[in-house]
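A.B. asks: Mind looking over this structure? Questions follow.
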Amino acid sequence: MTLPADLDTDAARLRAIMAEDLAARGALDDPAWRAAVEAVPRHRFVPGFYLPADERDGQGLTLWQPITAALDHGRWLAAAYSDTTLITQFDGDEPDWEHPAERHGGAPTSSSTLPSLVVRMWADADVREGHTVLEIGTGTGYSTALACERLGSAGVTSVDVDPHRLERAASALHGCGYAPTLAVADGLYGYWPEAPFDRIVAACSFRAVPPALVAQTRPGGKILLTLSGWLHGYARVLLTVAGDGTAEGRLLGGTVSFMSARTHAAPAFGNPAHWAAGLPGEARIARHGPERITAATEEAFHLRFLAQSVVPGAQLTTVGDVVHLIDVVSGSAAALALDGDGGWRVREGGPVRLWGSVERVVDVHDAAGRRGPETFTLCVHDGGQHLRHPRMPCLPLPTP
């Protein structure tokens, strides 16, 4: 493949434009990180990626179009320097970028995160010169390159569970002159050979804070990660590790989500109709409808995160007009349907009353004044992990 001779010039111009735009939006106010964004050639890390088509396919699935320099050089380069997440892999299958094909639906399993969020993560973690950092989720390597540009390669360790992804990232990093420590490893266990670290930053989400990350952080060091769950509620947390091995920190505001660490991904639950068939015939009036946790609002996003703390095994799906909660761990299920008066009725079965548990969380959230995520503290200690709020009961996180 032959690229235009002025590729580097065009890329540098687009990088400068992107950096200026990020700075104007308040997403890049640190001169050192701005210099890194202006220096790192993102296009070298995304030789191919997928963008969604304007319309869905005949089955209602998202139609993903492959974008490469060979297919459309202008679109490829412009997208590489846009503040956009670029999907590079679906369902764990590495694409053949020499002969890419359209995809219909599928679950993204690797991407190049939008640059504003990448820089925000490094900045939120208070990464500074002289720090040693562990990045969990190398992905394309672009975020790793920014850290190397800022800190120097010797201070950067990055791990990824996918060997094919890491191989491509390593090639791009080395081609750009960066030489961080790279390893194929499950981020759930950190990376002991290079520990301890001053900062650990995860570009994937976990159901709870992995104990290995706390153990591998120096006293006074910080861990920035995203907590998630099977209800697809997310919250970012910045923890400070104490000398006794405990950690504590506040949740950070904003609706940010990441792909789950593969070992923490939700299991398949089968056919919702099979689960609903075993529920009792009697339905009760629901105190709260499912829109309290499914609406496209920041409050609902936060409530969904709180709700999954009390029903950590539950997953939610909608079939027709019926909303199902299914828990493959306990064998419990719930189904909510609209009644004739515009309210909701719920049927529940199994050892856990799933929707009843969600309703209790909504009740205490309302009684506490509907407080946002930044008012909650996460405490990690030998006895477990808990979300704490001065006006609400402690909420436990599942065992990592």
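Following the order of the structure tokens, first chain is A, next is B, and so on, with residues numbered from 1 inside each chain and ligands from 1 in the order they appear.
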Contacts of Ala277 in chain A at 12 Å or less, counting only C-alpha atoms, minus same-chain residues fewer than 2 places along, as a PyMOL selection string?
C.D. replies: chain A and resi 271-275+279-281+324+333-335+347-349
A.B. asks: With distances taken over only C-alpha atoms, which residue among A:Gly152, A:Pro95, A:Gly58, A:Pro196 lies nearest Leu134 in chain A?
C.D. replies: A:Pro196
A.B. asks: Closest to Leu395 in chain A among A:Trp64, A:Trp76, A:Phe305, A:Tyr189, using only C-alpha atoms?
C.D. replies: A:Phe305
A.B. asks: Rounded to one decimal, what separation in Å do you get between CA of Ser153 in chain A and CA of Pro180 in chain A?
C.D. replies: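 So the answer is 4.5 Å.
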A.B. asks: Using only C-alpha atoms, determine which residues lie at most 6 Å from Leu251 in chain A, disregarding the query and same-chain residues fewer than 6 positions distant; provide the list as a compact mmCIF listing (two decimals) with N, CA and C atoms, in the first residue's frame.
C.D. replies:
# COMPACT_ATOMS: atom_id res chain seq x y z
N ARG A 236 -16.66 5.92 37.54
CA ARG A 236 -15.20 6.00 37.66
C ARG A 236 -14.84 6.32 39.10
N VAL A 237 -13.72 5.77 39.55
CA VAL A 237 -13.26 6.03 40.91
C VAL A 237 -11.76 6.25 40.91
N PRO A 373 -22.96 10.90 41.88
CA PRO A 373 -21.86 9.97 42.16
C PRO A 373 -20.71 10.59 42.93
N GLU A 374 -20.46 11.89 42.73
CA GLU A 374 -19.32 12.52 43.39
C GLU A 374 -19.50 12.65 44.90
N PHE A 376 -20.32 9.99 46.74
CA PHE A 376 -20.11 8.64 47.26
C PHE A 376 -18.61 8.37 47.39
A.B. asks: Using only C-alpha atoms, which residue out of A:Arg75, A:Arg150, A:Arg120, A:Arg168 lies closest to Ala35 in chain A?
C.D. replies: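 That would be A:Arg150, the residue with the smallest distance to Ala35 in chain A.
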A.B. asks: Residues within 12 Å of Asp162 in chain A, please, as a ChimeraX atom specification. Count only C-alpha atoms; anything in the same chain fewer than 4 positions from it doesn't count.
C.D. replies: /A:89,91-94,109-110,136-140,166-169,182-187,261-262
